[in-house]
>>> print(open('protein_3.cif').read())   # mmCIF, C-alpha atoms
data_input
#
loop_
_atom_site.label_atom_id
_atom_site.label_comp_id
_atom_site.auth_asym_id
_atom_site.auth_seq_id
_atom_site.Cartn_x
_atom_site.Cartn_y
_atom_site.Cartn_z
CA MET Z 1 27.79 -10.41 -3.83
CA LYS Z 2 27.22 -10.93 -0.11
CA LYS Z 3 25.92 -14.47 0.23
CA LEU Z 4 23.56 -15.70 2.90
CA LYS Z 5 25.28 -17.47 5.77
CA PHE Z 6 23.42 -20.10 7.75
CA THR Z 7 22.77 -17.59 10.54
CA ASP Z 8 21.24 -15.14 8.07
CA LEU Z 9 19.07 -17.83 6.58
CA LEU Z 10 17.76 -19.02 9.93
CA ILE Z 11 17.02 -15.45 11.00
CA THR Z 12 15.28 -14.71 7.69
CA ILE Z 13 13.02 -17.73 8.03
CA MET Z 14 12.40 -16.93 11.70
CA ILE Z 15 11.31 -13.41 10.72
CA GLY Z 16 8.96 -14.88 8.15
CA VAL Z 17 7.47 -17.24 10.71
CA VAL Z 18 7.06 -14.49 13.33
CA PHE Z 19 5.32 -12.39 10.70
CA GLY Z 20 3.06 -15.32 9.97
CA ILE Z 21 2.06 -15.44 13.63
CA LEU Z 22 1.54 -11.67 13.73
CA MET Z 23 -0.64 -11.85 10.62
CA LYS Z 24 -2.79 -14.45 12.34
CA PHE Z 25 -3.35 -12.08 15.28
CA TRP Z 26 -3.67 -9.11 12.94
CA ASP Z 27 -6.86 -10.63 11.60
CA ASP Z 28 -8.36 -10.84 15.11
CA LEU Z 29 -7.17 -7.37 16.07
CA TYR Z 30 -9.00 -5.68 13.27
CA THR Z 31 -12.35 -7.31 13.66
CA VAL Z 32 -12.71 -4.41 16.13
CA VAL Z 33 -12.75 -1.88 13.30
CA LYS Z 34 -15.65 -3.68 11.65
CA PRO Z 35 -18.17 -0.79 11.26
CA ILE Z 36 -16.14 0.80 8.43
CA LEU Z 37 -15.27 -2.69 7.32
CA PRO Z 38 -14.61 -2.72 3.56
CA VAL Z 39 -12.44 0.40 3.49
CA ALA Z 40 -10.60 -0.38 6.74
CA ARG Z 41 -9.87 -3.92 5.61
CA GLN Z 42 -8.17 -2.73 2.47
CA LEU Z 43 -6.24 -0.06 4.36
CA ILE Z 44 -4.65 -2.57 6.70
CA TYR Z 45 -4.03 -5.04 3.88
CA GLY Z 46 -0.46 -3.78 3.48
CA MET Z 47 0.52 -5.90 6.46
CA TRP Z 48 0.40 -8.90 4.12
CA PHE Z 49 3.09 -7.38 1.88
CA MET Z 50 5.36 -6.27 4.69
CA VAL Z 51 7.27 -9.45 5.49
CA GLY Z 52 9.57 -9.62 2.44
CA PRO Z 53 10.68 -5.98 2.32
CA PHE Z 54 11.01 -5.93 6.10
CA ALA Z 55 13.37 -8.92 6.08
CA PHE Z 56 15.45 -7.35 3.34
CA LEU Z 57 15.71 -4.01 5.15
CA LEU Z 58 16.87 -5.85 8.24
CA ILE Z 59 19.39 -8.28 6.76
CA ARG Z 60 20.28 -6.44 3.54
CA LYS Z 61 21.33 -9.48 1.56
CA PRO Z 62 19.99 -10.89 -1.73
CA GLY Z 63 17.28 -13.51 -1.44
CA THR Z 64 15.95 -12.50 1.96
CA ALA Z 65 12.75 -10.86 0.70
CA LEU Z 66 11.68 -13.95 -1.24
CA ILE Z 67 12.66 -16.46 1.46
CA ALA Z 68 10.99 -14.54 4.29
CA SER Z 69 7.83 -14.09 2.24
CA VAL Z 70 7.60 -17.80 1.47
CA ALA Z 71 8.33 -18.63 5.14
CA GLY Z 72 5.55 -16.34 6.33
CA ALA Z 73 3.17 -17.81 3.79
CA SER Z 74 4.01 -21.38 4.77
CA LEU Z 75 3.25 -20.60 8.39
CA SER Z 76 -0.11 -19.18 7.31
CA ALA Z 77 -0.67 -22.28 5.20
CA PHE Z 78 0.11 -24.58 8.13
CA ALA Z 79 -2.14 -22.44 10.33
CA GLY Z 80 -5.04 -23.36 8.08
CA HIS Z 81 -5.22 -20.45 5.63
CA GLY Z 82 -4.95 -22.83 2.70
CA LEU Z 83 -2.25 -23.65 0.19
CA GLU Z 84 -3.12 -20.68 -2.03
CA VAL Z 85 -1.33 -18.33 0.39
CA LEU Z 86 1.88 -20.11 -0.60
CA MET Z 87 1.34 -19.08 -4.21
CA TYR Z 88 0.60 -15.52 -3.14
CA GLY Z 89 3.57 -15.48 -0.77
CA PHE Z 90 5.89 -16.68 -3.49
CA ALA Z 91 4.63 -14.18 -6.07
CA GLN Z 92 4.71 -11.26 -3.63
CA GLY Z 93 8.16 -12.11 -2.34
CA LEU Z 94 9.51 -12.55 -5.84
CA ALA Z 95 8.15 -9.16 -6.93
CA ALA Z 96 9.72 -7.40 -3.94
CA GLU Z 97 12.97 -9.28 -4.47
CA LEU Z 98 13.13 -8.23 -8.13
CA LEU Z 99 12.60 -4.59 -7.21
CA PHE Z 100 15.42 -4.65 -4.67
CA ALA Z 101 17.59 -6.45 -7.25
CA ALA Z 102 16.84 -3.66 -9.74
CA PHE Z 103 18.50 -1.29 -7.26
CA ARG Z 104 21.39 -3.77 -6.92
CA TYR Z 105 20.39 -4.45 -3.30
CA LYS Z 106 21.95 -1.16 -2.28
CA ARG Z 107 18.96 1.04 -1.47
CA TYR Z 108 17.15 0.82 1.85
CA SER Z 109 15.08 4.02 1.72
CA ILE Z 110 11.37 4.49 2.40
CA VAL Z 111 10.67 5.04 -1.30
CA VAL Z 112 12.43 1.89 -2.50
CA ALA Z 113 10.91 -0.27 0.25
CA GLY Z 114 7.49 1.23 -0.47
CA LEU Z 115 7.90 0.49 -4.17
CA ALA Z 116 8.76 -3.10 -3.29
CA GLY Z 117 5.45 -3.28 -1.47
CA VAL Z 118 3.63 -1.83 -4.45
CA CYS Z 119 5.28 -4.49 -6.66
CA SER Z 120 4.10 -7.18 -4.24
CA CYS Z 121 0.64 -5.67 -4.45
CA LEU Z 122 0.78 -5.83 -8.25
CA ALA Z 123 1.86 -9.47 -8.11
CA SER Z 124 -1.03 -10.36 -5.83
CA PHE Z 125 -3.38 -8.44 -8.13
CA THR Z 126 -2.17 -10.56 -11.06
CA LEU Z 127 -2.95 -13.72 -9.13
CA ASP Z 128 -6.32 -12.24 -8.12
CA LEU Z 129 -7.08 -11.75 -11.83
CA PHE Z 130 -6.66 -15.48 -12.42
CA TYR Z 131 -8.32 -16.48 -9.17
CA GLY Z 132 -11.34 -14.35 -9.99
CA TYR Z 133 -11.28 -11.78 -7.19
CA ALA Z 134 -10.79 -8.98 -9.69
CA ALA Z 135 -13.94 -9.47 -11.79
CA LEU Z 136 -15.54 -6.47 -10.08
CA GLU Z 137 -17.34 -3.38 -11.36
CA THR Z 138 -14.76 -0.78 -12.38
CA TRP Z 139 -15.43 1.55 -9.46
CA ALA Z 140 -15.16 -1.27 -6.93
CA LEU Z 141 -11.98 -2.53 -8.59
CA VAL Z 142 -10.35 0.90 -8.43
CA VAL Z 143 -11.40 1.47 -4.81
CA LYS Z 144 -10.30 -1.98 -3.65
CA TYR Z 145 -6.91 -2.13 -5.31
CA GLY Z 146 -6.26 1.60 -5.06
CA LEU Z 147 -6.60 1.52 -1.29
CA ARG Z 148 -4.58 -1.67 -1.19
CA THR Z 149 -1.71 -0.09 -3.14
CA ILE Z 150 -1.65 2.94 -0.83
CA SER Z 151 -1.69 0.62 2.15
CA ALA Z 152 1.13 -1.46 0.65
CA PHE Z 153 3.29 1.65 0.32
CA ILE Z 154 2.58 2.83 3.87
CA PHE Z 155 3.22 -0.53 5.48
CA THR Z 156 6.24 -1.74 3.52
CA GLY Z 157 7.74 1.71 3.06
CA VAL Z 158 7.05 3.91 6.04
CA PHE Z 159 6.21 1.37 8.73
CA ALA Z 160 8.84 -1.23 7.84
CA VAL Z 161 11.62 1.33 7.63
CA LEU Z 162 10.62 2.92 10.95
CA ILE Z 163 10.42 -0.42 12.73
CA VAL Z 164 13.77 -1.51 11.34
CA ARG Z 165 15.22 1.78 12.63
CA ALA Z 166 13.73 1.08 16.05
CA LEU Z 167 15.29 -2.39 15.93
CA GLU Z 168 18.66 -0.88 14.99
CA ALA Z 169 18.43 1.21 18.14
CA THR Z 170 18.09 -1.96 20.22
CA GLY Z 171 21.39 -3.24 18.84
CA VAL Z 172 20.22 -6.64 17.56
CA THR Z 173 21.00 -5.74 13.96
CA ASN Z 174 24.71 -5.74 14.86
CA LEU Z 175 24.38 -9.51 15.10
CA ILE Z 176 23.47 -9.85 11.45
CA ARG Z 177 24.61 -6.93 9.35
CA PRO Z 178 27.87 -7.47 7.48
CA VAL Z 179 30.66 -5.31 8.86
CA ASP Z 180 31.60 -2.33 6.69
CA LYS Z 181 35.11 -1.71 5.38
CA ASP Z 182 35.05 1.64 7.22
CA GLU Z 183 34.54 -0.12 10.50
CA TYR Z 184 37.54 -2.36 9.89
CA SER Z 185 39.67 0.61 8.95
CA MET Z 186 38.63 2.31 12.18
CA LEU Z 187 40.39 -0.50 14.02
CA ASP Z 188 43.65 0.37 12.29
CA ARG Z 189 43.65 3.91 13.58
CA MET G 1 -4.76 -28.71 20.92
CA LEU G 2 -2.49 -31.13 19.10
CA ALA G 3 -4.42 -34.07 20.52
CA TRP G 4 -7.39 -32.75 18.61
CA PHE G 5 -5.55 -33.47 15.39
CA THR G 6 -5.46 -37.21 15.81
CA PRO G 7 -7.67 -39.01 13.32
CA LYS G 8 -10.20 -41.69 14.20
CA ARG G 9 -8.39 -44.03 11.84
CA GLU G 10 -5.32 -43.62 9.65
CA THR G 11 -6.45 -43.81 6.05
CA TRP G 12 -4.34 -44.63 2.99
CA LEU G 13 -3.65 -40.89 2.59
CA PHE G 14 -1.43 -41.06 5.70
CA GLU G 15 0.86 -43.56 4.01
CA VAL G 16 1.61 -41.36 1.02
CA ASN G 17 5.00 -39.68 1.04
CA PRO G 18 4.28 -36.23 2.57
CA ALA G 19 6.40 -34.28 0.10
CA LEU G 20 4.89 -36.08 -2.90
CA LYS G 21 1.43 -35.41 -1.51
CA PHE G 22 2.27 -31.73 -1.27
CA MET G 23 3.64 -31.59 -4.82
CA VAL G 24 0.59 -33.31 -6.29
CA PHE G 25 -1.86 -31.15 -4.33
CA PHE G 26 0.05 -28.00 -5.22
CA ALA G 27 -0.01 -28.88 -8.93
CA LEU G 28 -3.75 -29.61 -8.77
CA LEU G 29 -4.37 -26.28 -7.06
CA LEU G 30 -2.35 -24.43 -9.70
CA ILE G 31 -4.74 -25.92 -12.25
CA ALA G 32 -7.65 -24.79 -10.08
CA LEU G 33 -6.21 -21.28 -9.81
CA PHE G 34 -5.75 -20.70 -13.52
CA ASN G 35 -8.94 -22.44 -14.64
CA GLN G 36 -11.71 -20.07 -15.80
CA ASN G 37 -14.39 -22.65 -16.62
CA LEU G 38 -17.29 -22.73 -14.16
CA SER G 39 -18.37 -26.37 -14.46
CA PHE G 40 -14.74 -27.59 -14.30
CA ALA G 41 -14.29 -25.55 -11.11
CA VAL G 42 -17.47 -26.99 -9.57
CA TRP G 43 -16.49 -30.59 -10.38
CA GLN G 44 -13.05 -30.03 -8.92
CA ALA G 45 -14.63 -28.78 -5.68
CA VAL G 46 -16.80 -31.93 -5.65
CA LEU G 47 -13.76 -34.18 -6.19
CA TYR G 48 -11.80 -32.56 -3.36
CA SER G 49 -14.80 -32.63 -1.04
CA VAL G 50 -14.90 -36.43 -1.50
CA LEU G 51 -11.24 -36.52 -0.52
CA PHE G 52 -11.83 -34.31 2.52
CA TYR G 53 -15.00 -35.91 3.89
CA GLY G 54 -14.27 -39.47 2.81
CA PHE G 55 -10.57 -40.15 3.22
CA THR G 56 -9.05 -38.00 5.96
CA GLY G 57 -10.17 -40.44 8.64
CA TYR G 58 -11.49 -37.81 11.04
CA SER G 59 -14.87 -38.00 12.78
CA ILE G 60 -17.88 -36.33 11.17
CA LYS G 61 -18.09 -33.90 14.09
CA LYS G 62 -14.56 -32.60 13.55
CA LEU G 63 -15.02 -32.43 9.79
CA ALA G 64 -18.24 -30.46 10.30
CA LEU G 65 -16.42 -28.05 12.60
CA LEU G 66 -13.69 -27.57 10.00
CA SER G 67 -16.36 -26.96 7.35
CA ILE G 68 -17.46 -23.74 9.09
CA PRO G 69 -14.47 -21.63 7.97
CA LEU G 70 -14.82 -23.15 4.49
CA ALA G 71 -18.47 -22.11 4.34
CA ILE G 72 -17.60 -18.62 5.58
CA SER G 73 -14.86 -18.18 2.98
CA PHE G 74 -17.27 -19.41 0.28
CA LEU G 75 -19.99 -16.98 1.36
CA SER G 76 -17.71 -13.98 1.84
CA SER G 77 -15.82 -14.32 -1.43
CA ALA G 78 -18.90 -15.23 -3.46
CA GLY G 79 -21.10 -12.69 -1.68
CA THR G 80 -18.97 -9.67 -2.53
CA MET G 81 -18.69 -10.87 -6.10
CA VAL G 82 -22.48 -11.25 -6.52
CA LEU G 83 -23.11 -7.74 -5.22
CA PHE G 84 -20.25 -5.82 -6.82
CA GLY G 85 -19.13 -8.03 -9.71
CA LYS G 86 -19.09 -6.70 -13.23
CA GLY G 87 -21.78 -7.70 -15.70
CA SER G 88 -24.28 -6.31 -18.21
CA ASN G 89 -27.38 -8.54 -17.92
CA VAL G 90 -28.65 -6.80 -14.79
CA LEU G 91 -31.16 -8.75 -12.72
CA TRP G 92 -31.52 -6.38 -9.78
CA GLN G 93 -30.00 -3.06 -8.87
CA TRP G 94 -30.09 -0.87 -5.78
CA GLY G 95 -27.64 2.00 -5.54
CA LEU G 96 -24.12 0.70 -5.92
CA ILE G 97 -25.28 -2.90 -5.55
CA LYS G 98 -25.90 -4.57 -8.88
CA ILE G 99 -26.62 -8.24 -9.37
CA SER G 100 -26.17 -9.50 -12.91
CA GLU G 101 -26.03 -12.91 -14.56
CA GLU G 102 -22.30 -12.55 -15.07
CA SER G 103 -21.66 -11.55 -11.48
CA ILE G 104 -23.50 -14.67 -10.26
CA GLN G 105 -21.38 -16.81 -12.59
CA HIS G 106 -18.18 -15.14 -11.41
CA ALA G 107 -19.29 -15.60 -7.81
CA LEU G 108 -19.88 -19.32 -8.30
CA LEU G 109 -16.52 -19.72 -10.02
CA LEU G 110 -14.76 -17.85 -7.23
CA GLY G 111 -16.66 -19.73 -4.53
CA SER G 112 -15.91 -23.14 -6.06
CA LYS G 113 -12.25 -22.26 -6.31
CA SER G 114 -12.07 -21.20 -2.68
CA LEU G 115 -13.84 -24.44 -1.71
CA SER G 116 -11.31 -26.47 -3.71
CA PHE G 117 -8.43 -24.66 -2.02
CA GLY G 118 -10.02 -25.16 1.39
CA PHE G 119 -10.74 -28.87 0.94
CA VAL G 120 -7.30 -29.68 -0.45
CA GLY G 121 -5.55 -27.51 2.13
CA PHE G 122 -7.33 -29.17 5.04
CA THR G 123 -6.89 -32.65 3.57
CA PHE G 124 -3.17 -32.03 3.38
CA LEU G 125 -2.92 -30.56 6.88
CA LEU G 126 -5.00 -33.30 8.48
CA THR G 127 -2.98 -36.13 6.97
CA VAL G 128 0.59 -34.86 7.27
CA GLN G 129 3.17 -34.38 10.02
CA PRO G 130 5.00 -31.09 9.39
CA VAL G 131 8.40 -32.41 10.49
CA LEU G 132 8.19 -35.48 8.27
CA PHE G 133 7.10 -33.24 5.40
CA PHE G 134 10.37 -31.31 5.65
CA TYR G 135 12.38 -34.52 5.98
CA ALA G 136 10.73 -35.94 2.87
CA MET G 137 11.36 -32.68 0.99
CA MET G 138 15.07 -33.10 1.78
CA GLN G 139 15.32 -36.79 1.00
CA GLN G 140 13.00 -37.26 -1.96
CA PHE G 141 13.00 -33.81 -3.56
CA GLY G 142 16.48 -32.53 -2.82
CA LEU G 143 15.49 -29.47 -0.79
CA PRO G 144 18.79 -28.16 0.67
CA SER G 145 19.00 -29.10 4.34
CA LYS G 146 19.71 -25.51 5.39
CA TYR G 147 16.16 -24.50 4.41
CA ALA G 148 14.47 -27.54 5.90
CA TYR G 149 16.25 -27.31 9.26
CA SER G 150 15.70 -23.55 9.43
CA PHE G 151 11.99 -24.13 8.90
CA ILE G 152 11.83 -26.90 11.47
CA ALA G 153 13.76 -24.83 14.03
CA SER G 154 11.53 -21.80 13.44
CA PHE G 155 8.36 -23.87 13.65
CA ARG G 156 9.53 -25.31 16.95
CA LEU G 157 9.78 -21.77 18.32
CA ILE G 158 6.17 -20.86 17.50
CA PRO G 159 4.89 -21.60 21.04
CA ALA G 160 7.63 -19.41 22.53
CA VAL G 161 6.76 -16.58 20.17
CA THR G 162 3.01 -16.75 20.82
CA GLU G 163 3.70 -16.79 24.55
CA GLU G 164 5.87 -13.70 24.19
CA LEU G 165 3.12 -11.99 22.24
CA GLN G 166 0.69 -12.79 25.04
CA ILE G 167 3.10 -11.46 27.68
CA ARG G 168 3.59 -8.28 25.67
CA ARG G 169 -0.16 -7.80 25.39
CA ASN G 170 -0.60 -8.18 29.14
CA ALA G 171 2.34 -5.90 29.84
CA LEU G 172 0.84 -3.17 27.70
CA LYS G 173 -2.50 -3.66 29.42
CA VAL G 174 -0.96 -3.43 32.88
CA ARG G 175 0.81 -0.23 31.92
CA ASN G 176 -2.52 1.12 30.65
CA ILE G 177 -1.16 2.00 27.22
CA HIS G 178 -3.64 3.76 24.94
CA PHE G 179 -3.14 3.94 21.23
CA SER G 180 -3.96 6.95 19.03
CA ARG G 181 -6.82 6.80 16.59
CA GLY G 182 -6.42 6.20 12.87
CA ILE G 183 -3.27 5.31 10.96
CA LYS G 184 -0.95 6.64 13.69
CA GLY G 185 -2.54 4.23 16.14
CA VAL G 186 -1.96 1.36 13.70
CA TYR G 187 1.73 2.21 13.62
CA GLU G 188 1.98 2.61 17.39
CA ARG G 189 0.36 -0.75 17.91
CA LEU G 190 2.60 -2.39 15.33
CA GLN G 191 5.75 -0.94 16.85
CA MET G 192 4.81 -1.70 20.45
CA TYR G 193 4.29 -5.36 19.57
CA THR G 194 6.85 -6.07 16.87
CA VAL G 195 10.02 -4.43 18.16
CA PRO G 196 10.46 -6.54 21.32
CA LEU G 197 9.13 -9.60 19.52
CA PHE G 198 11.59 -9.32 16.62
CA ALA G 199 14.54 -8.35 18.80
CA GLN G 200 14.00 -11.45 20.87
CA SER G 201 13.37 -13.76 17.89
CA ILE G 202 16.46 -12.54 16.07
CA ARG G 203 18.64 -13.15 19.11
CA ARG G 204 17.13 -16.59 19.56
CA ALA G 205 17.51 -17.57 15.90
CA GLN G 206 21.10 -16.38 15.89
CA ARG G 207 21.89 -18.43 18.99
CA ILE G 208 20.35 -21.55 17.44
CA ALA G 209 22.33 -21.09 14.24
CA VAL G 210 25.57 -20.61 16.13
CA ALA G 211 24.82 -23.66 18.27
CA MET G 212 24.10 -25.78 15.19
CA GLU G 213 27.32 -24.72 13.54
CA ALA G 214 29.23 -25.34 16.75
CA LYS G 215 27.91 -28.90 16.58
CA GLN G 216 29.37 -29.15 13.08
CA TYR G 217 26.24 -28.57 11.05
CA GLN G 218 27.48 -27.64 7.59
CA MET G 219 25.41 -26.23 4.75
CA GLY G 220 25.56 -28.39 1.67
CA ALA G 221 27.47 -31.27 3.31
CA ALA G 222 26.29 -34.84 2.66
CA ARG G 223 24.35 -36.11 5.64
CA THR G 224 22.19 -38.86 7.10
CA TYR G 225 18.69 -38.31 8.44
CA TYR G 226 17.11 -39.06 11.78
CA TYR G 227 13.75 -39.81 10.15
CA PRO G 228 14.23 -41.76 6.90
CA THR G 229 11.35 -41.29 4.43
CA HIS G 230 10.71 -43.35 1.32
CA PHE G 231 8.53 -43.71 -1.72
CA SER G 232 6.19 -46.66 -1.50
CA ARG G 233 3.50 -48.45 -3.53
CA MET G 234 0.95 -46.11 -1.95
CA ASP G 235 2.56 -43.19 -3.77
CA ILE G 236 1.79 -44.79 -7.12
CA VAL G 237 -1.79 -45.44 -5.99
CA PHE G 238 -2.18 -41.86 -4.80
CA THR G 239 -0.76 -40.30 -7.96
CA THR G 240 -2.91 -42.57 -10.14
CA VAL G 241 -6.07 -41.79 -8.14
CA MET G 242 -5.49 -38.05 -8.28
CA ALA G 243 -4.67 -38.11 -11.98
CA GLY G 244 -7.76 -40.25 -12.58
CA GLY G 245 -9.86 -37.82 -10.56
CA LEU G 246 -8.57 -34.91 -12.61
CA VAL G 247 -9.31 -36.67 -15.90
CA GLY G 248 -12.76 -37.55 -14.55
CA THR G 249 -13.56 -33.94 -13.71
CA ILE G 250 -12.38 -32.81 -17.13
CA LEU G 251 -14.62 -35.39 -18.82
CA LEU G 252 -17.59 -34.35 -16.68
CA ALA G 253 -17.01 -30.65 -17.29
CA PHE G 254 -16.38 -30.49 -21.03
#
>>> encode(input="protein_3.cif", output="structure tokens")
Amino acid sequence: MKKLKFTDLLITIMIGVVFGILMKFWDDLYTVVKPILPVARQLIYGMWFMVGPFAFLLIRKPGTALIASVAGASLSAFAGHGLEVLMYGFAQGLAAELLFAAFRYKRYSIVVAGLAGVCSCLASFTLDLFYGYAALETWALVVKYGLRTISAFIFTGVFAVLIVRALEATGVTNLIRPVDKDEYSMLDR
Amino acid sequence: MLAWFTPKRETWLFEVNPALKFMVFFALLLIALFNQNLSFAVWQAVLYSVLFYGFTGYSIKKLALLSIPLAISFLSSAGTMVLFGKGSNVLWQWGLIKISEESIQHALLLGSKSLSFGFVGFTFLLTVQPVLFFYAMMQQFGLPSKYAYSFIASFRLIPAVTEELQIRRNALKVRNIHFSRGIKGVYERLQMYTVPLFAQSIRRAQRIAVAMEAKQYQMGAARTYYYPTHFSRMDIVFTTVMAGGLVGTILLAF
């Protein structure tokens, strides 16, 4: 199994921290969409599940989803969002990590990444059950978490994959991705 | 901004080992998270409010200012729950909005929990230095140094990243970029901001890692620390007080 080198680890944590900063601004950005508030809020909620899958898609090594998620959450915690975000960050990252592990860390498609987001969403729902956020009327529960699941899929699947592709085009991913056997063999020719 | 976070006086909470403080607070909050008993939740919020208002050593004005987000989070989480929470003993109904006895109870439980989280979170933040927290995690709790130093390095880069974000925002404004409406606009916005930001951060993180390794930083090697942290008598006092407080709230609640 490809292990994390120190460079990978530092980059993973950096990604988590940058996501933490983005999430802080994300909150401000979307106060603009207030009129349709409840629905819009749930639809952009996927941003909070994006960090783990995004880091994995970028670095493609085991452990990155969980570490990046915890890093993002600890930035949020230090930025004053409270220590509970650490619990959520851990649970969400772990869920995404387990899903990628189930595919032996070999699938980077929109569907798999999106499913990782949905798993994160499920994990946060489980914590919400204990916290008490989920004691809603059935219709409200379905609307809230239904929209959130859709949003999770769009953000962690579609958006994360597209942004990682855009980053690949810039060439930075060459710094971190392990070199393929094919590429070595190309040198021999 | 950082000058704002200097207390009027350094209370005993400042002397507690930062990593131990985190562990104890985290354990207490796990109890708060999984607890489903209303009066226990309320008493916990009261206990942590004493900690926050009484022992952080900050002036009343600052504490009052910090209370605003706490009040907002209480009202927003409890408010939604009162209006849309499940329940059968209906007190008042209007369209989709239904207030019942159960929904009020759930709202109070949820609100007390979010207050507990807020009080403890702020108490921790106000009385801890982030860098020392990571050093104590390494020295007293065996956190591998590769994680701690990666965190510290990344945290040090926060100002650079926020500045870059600001520059990007201005650049987009100068170029008069307009985003589409709806979900496509969300993606456009996300891509416009994140791609340059991540490209730059990845390069920077990679350079730092290479530089550290060039200076012979080795993962897992035995090492000494620039800031030594210790356990002290205050840690016993702190743990005893918090345990006593927890027992007290249990006695009051049940």
>>> resolve_selection(input="protein_3.cif", expression="the PyMOL selection byres ((chain G) within 7 of (chain Z))", output="list in words")
Leu33, Phe34, Met81, Phe84, Gly85, Lys86, Leu110, Phe117, Gly118, Gly121, Phe122, Leu125, Lys146, Ser150, Phe151, Ser154, Tyr187, Gln191, Val195, Ala199, Ile202, Arg203, Ala205, Gln206, Ala209 and Val210 of chain G
>>> resolve_selection(input="protein_3.cif", expression="the PyMOL selection byres ((chain Z and resi 147) around 12)", output="PyMOL selection string")
chain Z and resi 38-46+118+121+140-146+148-154
>>> residues_around(input="protein_3.cif", residues="Z:Tyr105", least_positions_apart="5", cutoff="9 Å", atoms="all atoms listed in the file", output="JSON, numbers by chain")
{"Z": [56, 60, 61, 62, 97, 99, 100]}
>>> atom_distance(input="protein_3.cif", atom1="atom CA of Z:Leu187", atom2="atom CA of G:Ala214")
27.4 Å
>>> resolve_selection(input="protein_3.cif", expression="the PyMOL selection byres ((chain G and resi 226) around 12)", output="PyMOL selection string")
chain G and resi 131-132+134-136+138-139+223-225+227-229
>>> residues_near_point(input="protein_3.cif", point="(3.1, -11.5, 21.5)", cutoff="9 Å", atoms="all atoms listed in the file", output="list in words")
Ile21, Leu22 and Phe25 of chain Z; Val161, Thr162, Glu163, Glu164, Leu165, Gln166, Ile167, Arg168, Arg169, Tyr193, Thr194, Pro196 and Leu197 of chain G
>>> closest_residue(input="protein_3.cif", among="G:Met137, G:Val186, G:Leu172, G:Leu108", to="G:Trp43", atoms="only C-alpha atoms")
G:Leu108
>>> atom_distance(input="protein_3.cif", atom1="atom CA of G:Gly248", atom2="atom CA of G:Val46")
11.3 Å
>>> atom_distance(input="protein_3.cif", atom1="atom CA of Z:Phe49", atom2="atom CA of G:Ser180")
23.4 Å
>>> closest_residue(input="protein_3.cif", among="G:Val24, G:Val90, G:Ile183, G:Leu29", to="G:Ile104", atoms="all atoms listed in the file")
G:Val90
>>> residues_near_point(input="protein_3.cif", point="(5.0, -16.1, -4.6)", cutoff="9 Å", atoms="all atoms listed in the file", output="ChimeraX atom specification")
/Z:66,69-70,73,85-95,120,123-124
>>> axis_aligned_box(input="protein_3.cif", around="stretch 96-112 of chain G", padding_each_side="6 Å", output="AutoDock Vina command-line options")
--center_x -20.7 --center_y -11.2 --center_z -9.8 --size_x 23.9 --size_y 35.8 --size_z 22.5
